[in-house]
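Trainee: This is the structure I have questions about; it appears just below.
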Amino acid sequence: MKGRGEAYRRGLEDLPPWWRDLPAVARYPFEGSNGVVIGALSVLASMQVLPVIGLFVSLFLLLAVPKHALEVLRDSAHGHRKPPRFGMDLGDRAVFAFLVLLLVFAVVHLALQSFAPPAAATAWRLLMALVLPLVAMSLAIDEQMRRAINPVFWVEVLLRIGLPYLGAVAMVWTGLALGLSGAGWLDRMLPPVFGAMVSMALALWVLFMAAHVCGRLVFQYRDALGFSPEGPEEPERLRLSRDHRLEDEIDALLAAGRQDEAFAALDAELRERAVSATLHRQYRTLLRRRGDRAA
């Protein structure tokens with residue numbers, strides 16, 4: 001990990017990579033408020049068999065499940081160890097955007113299956129398996145659909161994280177496939193109401209665990225991604241992150257009147273990697289002071 005600096009190693013100490021912390025990753029979906037959410041949504045799932053009421057319950061679950069999964073992803077990306085409270089962190093717009101994108105992906109897949117060679121549909125499934133976690137990460141963190149569906153953004157993230165992203169994606173889809181298959185089997189084997197509750201609990205466990213893994217991946221590679229977390233629960237420890245150190249360095253140089261040195265340091269960093277919004281604002285301020293309107 002040479003080149004990521006002390007902040008990267010400190011981040012690993014504060015919150016280990018998910019593959020070194022599998023017991024905690026497996027427990028996370030049932031900890032704290034997550035357990036309450038899983039319990040409540042599982043009880044609601046058992047009511048789907050009821051006439052009329054079941055329809056409204058299904059619509060609620062369609063929105064509530066991805067909403068909390070994205071909230072889990074968001075809080076995990078910010079380094080929080082405690083699960084989020086339901087409905088407190090994420091706007092509904094991001095949830096609707098994610099559902100619309102899932103629908104679009106499904107429609108395109110259906111069209112390819114109907115009118116294109118089999119290889120085209122297979123390639124589309126592989127592409128979606130690769131980029132859907134990226135879409136979820138983007139929507140959970142900044143809630144901007146335009147960025148979430150930008151192929152340039154996908155390539156940038158893939159290049160900056162590299163093979164660990166592919167490993168996380170493989171784990172996420174394998175876990176989801178096994179978990180959802182098991183949930184479906186339980187739903188068929190157990191009595192109707194009880195089976196719906198147990199199968200929903202299992203499905204939510206693997207879904208929230210997958211969201212937690214994606215969020216922890218963002219937190220682990222925050223320096224490479226230019227992402228500034230707002231956690232963990234001891235936020236002062238993040239003052240040692242690479243972006244914060246650079247902000248302090250630039251502020252000190254500007255206070256000393258060494259504007260050219262501040263610009264050179266900031267320019268070199270921006271050419272190497274993505275940086276925080278605060279550093280981008282400092283860079284634009286320095287460009288205006290230098291009169292470099294083209295830049």
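Ordering of the structure tokens sets the chain letters (A, B, ...), residue numbers begin anew at 1 in every chain, and ligands are numbered from 1 in the order given.
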I want to know what sits within 6 Å of range 190-204 of chain A, based on only C-alpha atoms, with residues of the same chain fewer than 4 positions away left out; could you give that as a PDB file with N, CA and C atoms, in the first residue's frame?

Mentor:
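Heads up, here's the output in result.pdb:
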```pdb
ATOM      1  N   ILE A  38     -34.904  -5.297  10.752  1.00  0.00           N
ATOM      2  CA  ILE A  38     -35.124  -6.634  10.186  1.00  0.00           C
ATOM      3  C   ILE A  38     -36.358  -7.278  10.806  1.00  0.00           C
ATOM      4  N   SER A  42     -39.679  -8.051   8.625  1.00  0.00           N
ATOM      5  CA  SER A  42     -40.024  -9.474   8.506  1.00  0.00           C
ATOM      6  C   SER A  42     -41.469  -9.720   8.924  1.00  0.00           C
ATOM      7  N   VAL A  43     -41.905  -9.042   9.986  1.00  0.00           N
ATOM      8  CA  VAL A  43     -43.304  -9.165  10.402  1.00  0.00           C
ATOM      9  C   VAL A  43     -44.228  -8.627   9.309  1.00  0.00           C
ATOM     10  N   SER A  46     -44.859 -11.002   6.457  1.00  0.00           N
ATOM     11  CA  SER A  46     -45.836 -12.066   6.699  1.00  0.00           C
ATOM     12  C   SER A  46     -47.257 -11.618   6.401  1.00  0.00           C
ATOM     13  N   GLY A 179     -27.963 -16.547  -0.227  1.00  0.00           N
ATOM     14  CA  GLY A 179     -28.929 -16.120   0.783  1.00  0.00           C
ATOM     15  C   GLY A 179     -30.346 -16.044   0.251  1.00  0.00           C
ATOM     16  N   LEU A 180     -30.511 -15.453  -0.932  1.00  0.00           N
ATOM     17  CA  LEU A 180     -31.857 -15.328  -1.493  1.00  0.00           C
ATOM     18  C   LEU A 180     -32.409 -16.684  -1.925  1.00  0.00           C
ATOM     19  N   ALA A 183     -33.525 -18.213   1.231  1.00  0.00           N
ATOM     20  CA  ALA A 183     -34.763 -17.585   1.686  1.00  0.00           C
ATOM     21  C   ALA A 183     -35.962 -18.120   0.903  1.00  0.00           C
ATOM     22  N   LEU A 186     -36.775 -21.641   2.179  1.00  0.00           N
ATOM     23  CA  LEU A 186     -37.458 -21.610   3.461  1.00  0.00           C
ATOM     24  C   LEU A 186     -38.910 -21.169   3.317  1.00  0.00           C
ATOM     25  N   PHE A 208     -28.223  -6.549   3.802  1.00  0.00           N
ATOM     26  CA  PHE A 208     -27.576  -5.520   4.625  1.00  0.00           C
ATOM     27  C   PHE A 208     -26.090  -5.828   4.822  1.00  0.00           C
TER      28      PHE A 208
END
```

Trainee: Set out as JSON lines a contact list for range 136-241 of chain A and range 93-96 of chain A with a cut-off of 8 Å, giving each residue of range 136-241 of chain A that qualifies its closest atom pair and distance in Å to one decimal, counting only C-alpha atoms, ordered by chain and rising residue number.

Mentor:
```
{"residue": "A:Leu139", "atom": "CA", "partner": "A:Ala94", "partner_atom": "CA", "distance": 5.7}
{"residue": "A:Ala140", "atom": "CA", "partner": "A:Ala94", "partner_atom": "CA", "distance": 6.9}
{"residue": "A:Glu143", "atom": "CA", "partner": "A:Ala94", "partner_atom": "CA", "distance": 5.1}
{"residue": "A:Gln144", "atom": "CA", "partner": "A:Ala94", "partner_atom": "CA", "distance": 7.4}
{"residue": "A:Met145", "atom": "CA", "partner": "A:Ala94", "partner_atom": "CA", "distance": 7.6}
```

Trainee: For Ala211 in chain A, list every protein, DNA or RNA residue within 8 Å, evaluated using only C-alpha atoms, and leave out those in the same chain fewer than 5 positions away; present the list as a ChimeraX atom specification.

Mentor: /A:69-70,72-73

Trainee: Keeping only N, CA and C atoms, write the selected residues as a CSV table (one decimal), in the first residue's frame.

Mentor:
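Once everything was written out, this is out.csv:
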```csv
chain,number,residue,atom,x,y,z
A,69,ALA,N,-31.0,-0.4,3.1
A,69,ALA,CA,-29.7,-1.0,2.5
A,69,ALA,C,-28.8,0.2,2.1
A,70,LEU,N,-29.3,1.2,1.4
A,70,LEU,CA,-28.5,2.3,1.0
A,70,LEU,C,-28.0,3.1,2.2
A,72,VAL,N,-27.4,1.8,5.2
A,72,VAL,CA,-26.3,1.0,5.7
A,72,VAL,C,-25.0,1.3,5.0
A,73,LEU,N,-25.1,1.3,3.6
A,73,LEU,CA,-23.9,1.5,2.8
A,73,LEU,C,-23.3,2.9,3.1
```

Trainee: Based on the backbone DSSP call, show me all residues of range 29-263 of chain A assigned alpha helix (DSSP H), as a PyMOL selection string.

Mentor: chain A and resi 32-45+53-77+92-115+118-142+145-148+151-161+163-189+192-220+222-225+242-255+259-263

Trainee: How far is it from CA of His280 in chain A to CA of Ala262 in chain A, in Å with one decimal?

Mentor: 12.9 Å

Trainee: Can you tell me, as number ranges by chain, what residues are no more than 8 Å from range 53-67 of chain A when counting only C-alpha atoms, ignoring any on the same chain fewer than 2 positions away?

Mentor: A: 41, 44-45, 47-51, 69-71, 87, 90, 92, 95-96, 204

Trainee: Generate a file of the selected residues that holds all heavy atoms, formatted as a short mmCIF file (atom, residue, chain, number, x, y, z; two decimals), in the first residue's frame.

Mentor:
```
data_model
loop_
_atom_site.label_atom_id
_atom_site.label_comp_id
_atom_site.auth_asym_id
_atom_site.auth_seq_id
_atom_site.Cartn_x
_atom_site.Cartn_y
_atom_site.Cartn_z
N LEU A 41 -39.58 -5.41 9.44
CA LEU A 41 -39.85 -5.69 8.03
C LEU A 41 -40.23 -7.16 7.82
O LEU A 41 -41.03 -7.47 6.92
CB LEU A 41 -38.64 -5.33 7.18
CG LEU A 41 -38.27 -3.84 7.13
CD1 LEU A 41 -37.06 -3.61 6.23
CD2 LEU A 41 -39.45 -2.99 6.67
N LEU A 44 -43.86 -7.50 8.72
CA LEU A 44 -44.67 -6.94 7.64
C LEU A 44 -44.73 -7.90 6.45
O LEU A 44 -45.77 -8.02 5.79
CB LEU A 44 -44.09 -5.59 7.20
CG LEU A 44 -44.35 -4.40 8.13
CD1 LEU A 44 -43.61 -3.17 7.63
CD2 LEU A 44 -45.85 -4.12 8.23
N ALA A 45 -43.62 -8.57 6.17
CA ALA A 45 -43.59 -9.50 5.03
C ALA A 45 -44.61 -10.62 5.21
O ALA A 45 -45.17 -11.12 4.23
CB ALA A 45 -42.19 -10.09 4.87
N MET A 47 -47.48 -10.31 6.26
CA MET A 47 -48.81 -9.77 6.00
C MET A 47 -49.10 -9.62 4.51
O MET A 47 -50.19 -9.18 4.14
CB MET A 47 -48.96 -8.42 6.70
CG MET A 47 -48.77 -8.48 8.21
SD MET A 47 -48.66 -6.83 8.97
CE MET A 47 -50.27 -6.18 8.56
N GLN A 48 -48.14 -9.99 3.67
CA GLN A 48 -48.34 -9.82 2.24
C GLN A 48 -49.42 -10.74 1.68
O GLN A 48 -49.95 -10.48 0.60
CB GLN A 48 -47.02 -10.08 1.50
CG GLN A 48 -45.99 -8.97 1.69
CD GLN A 48 -44.70 -9.26 0.96
OE1 GLN A 48 -43.93 -10.13 1.35
NE2 GLN A 48 -44.47 -8.55 -0.10
N VAL A 49 -49.76 -11.79 2.41
CA VAL A 49 -50.79 -12.72 1.93
C VAL A 49 -52.20 -12.16 2.13
O VAL A 49 -53.17 -12.69 1.57
CB VAL A 49 -50.67 -14.08 2.65
CG1 VAL A 49 -49.34 -14.73 2.33
CG2 VAL A 49 -50.84 -13.92 4.18
N LEU A 50 -52.32 -11.10 2.92
CA LEU A 50 -53.65 -10.54 3.20
C LEU A 50 -54.16 -9.78 1.98
O LEU A 50 -53.39 -9.09 1.29
CB LEU A 50 -53.58 -9.59 4.40
CG LEU A 50 -53.16 -10.22 5.74
CD1 LEU A 50 -53.05 -9.15 6.81
CD2 LEU A 50 -54.14 -11.31 6.16
N PRO A 51 -55.45 -9.87 1.69
CA PRO A 51 -56.01 -9.12 0.56
C PRO A 51 -55.97 -7.61 0.83
O PRO A 51 -56.17 -7.17 1.96
CB PRO A 51 -57.45 -9.63 0.47
CG PRO A 51 -57.75 -10.18 1.82
CD PRO A 51 -56.46 -10.70 2.36
N ALA A 69 -30.96 -0.40 3.06
CA ALA A 69 -29.70 -0.95 2.55
C ALA A 69 -28.76 0.18 2.11
O ALA A 69 -27.55 0.13 2.40
CB ALA A 69 -29.99 -1.88 1.37
N LEU A 70 -29.30 1.19 1.44
CA LEU A 70 -28.47 2.32 1.04
C LEU A 70 -28.00 3.13 2.25
O LEU A 70 -26.89 3.67 2.25
CB LEU A 70 -29.24 3.22 0.07
CG LEU A 70 -29.51 2.63 -1.32
CD1 LEU A 70 -30.39 3.57 -2.14
CD2 LEU A 70 -28.20 2.35 -2.07
N GLU A 71 -28.84 3.21 3.27
CA GLU A 71 -28.42 3.90 4.49
C GLU A 71 -27.29 3.15 5.19
O GLU A 71 -26.35 3.76 5.71
CB GLU A 71 -29.62 4.05 5.43
CG GLU A 71 -30.63 5.09 4.95
CD GLU A 71 -31.86 5.16 5.84
OE1 GLU A 71 -32.15 4.16 6.53
OE2 GLU A 71 -32.53 6.20 5.84
N GLY A 87 -34.52 5.47 8.00
CA GLY A 87 -35.13 6.66 7.44
C GLY A 87 -34.52 7.97 7.86
O GLY A 87 -35.08 9.03 7.57
N LEU A 90 -30.95 9.13 4.54
CA LEU A 90 -30.99 9.15 3.08
C LEU A 90 -32.32 9.69 2.59
O LEU A 90 -33.38 9.35 3.11
CB LEU A 90 -30.79 7.72 2.55
CG LEU A 90 -30.45 7.58 1.07
CD1 LEU A 90 -29.02 8.03 0.80
CD2 LEU A 90 -30.62 6.14 0.62
N ASP A 92 -35.46 10.20 -0.10
CA ASP A 92 -36.22 9.24 -0.90
C ASP A 92 -35.82 9.29 -2.37
O ASP A 92 -35.99 8.31 -3.10
CB ASP A 92 -37.72 9.52 -0.77
CG ASP A 92 -38.24 9.22 0.64
OD1 ASP A 92 -37.60 8.41 1.33
OD2 ASP A 92 -39.26 9.80 1.03
N VAL A 95 -33.50 6.55 -3.37
CA VAL A 95 -34.14 5.24 -3.41
C VAL A 95 -34.92 5.07 -4.71
O VAL A 95 -34.81 4.05 -5.40
CB VAL A 95 -35.08 5.06 -2.21
CG1 VAL A 95 -35.72 3.68 -2.24
CG2 VAL A 95 -34.32 5.25 -0.90
N PHE A 96 -35.71 6.10 -5.07
CA PHE A 96 -36.47 6.03 -6.33
C PHE A 96 -35.52 5.93 -7.53
O PHE A 96 -35.80 5.20 -8.48
CB PHE A 96 -37.38 7.25 -6.46
CG PHE A 96 -38.61 7.19 -5.61
CD1 PHE A 96 -38.78 8.07 -4.55
CD2 PHE A 96 -39.60 6.24 -5.85
CE1 PHE A 96 -39.91 8.01 -3.76
CE2 PHE A 96 -40.74 6.18 -5.06
CZ PHE A 96 -40.89 7.06 -4.01
N LEU A 204 -32.89 -10.16 4.24
CA LEU A 204 -32.42 -8.85 4.72
C LEU A 204 -31.03 -8.97 5.33
O LEU A 204 -30.21 -8.05 5.21
CB LEU A 204 -33.40 -8.29 5.74
CG LEU A 204 -34.78 -7.90 5.20
CD1 LEU A 204 -35.68 -7.43 6.33
CD2 LEU A 204 -34.67 -6.82 4.13
#
```
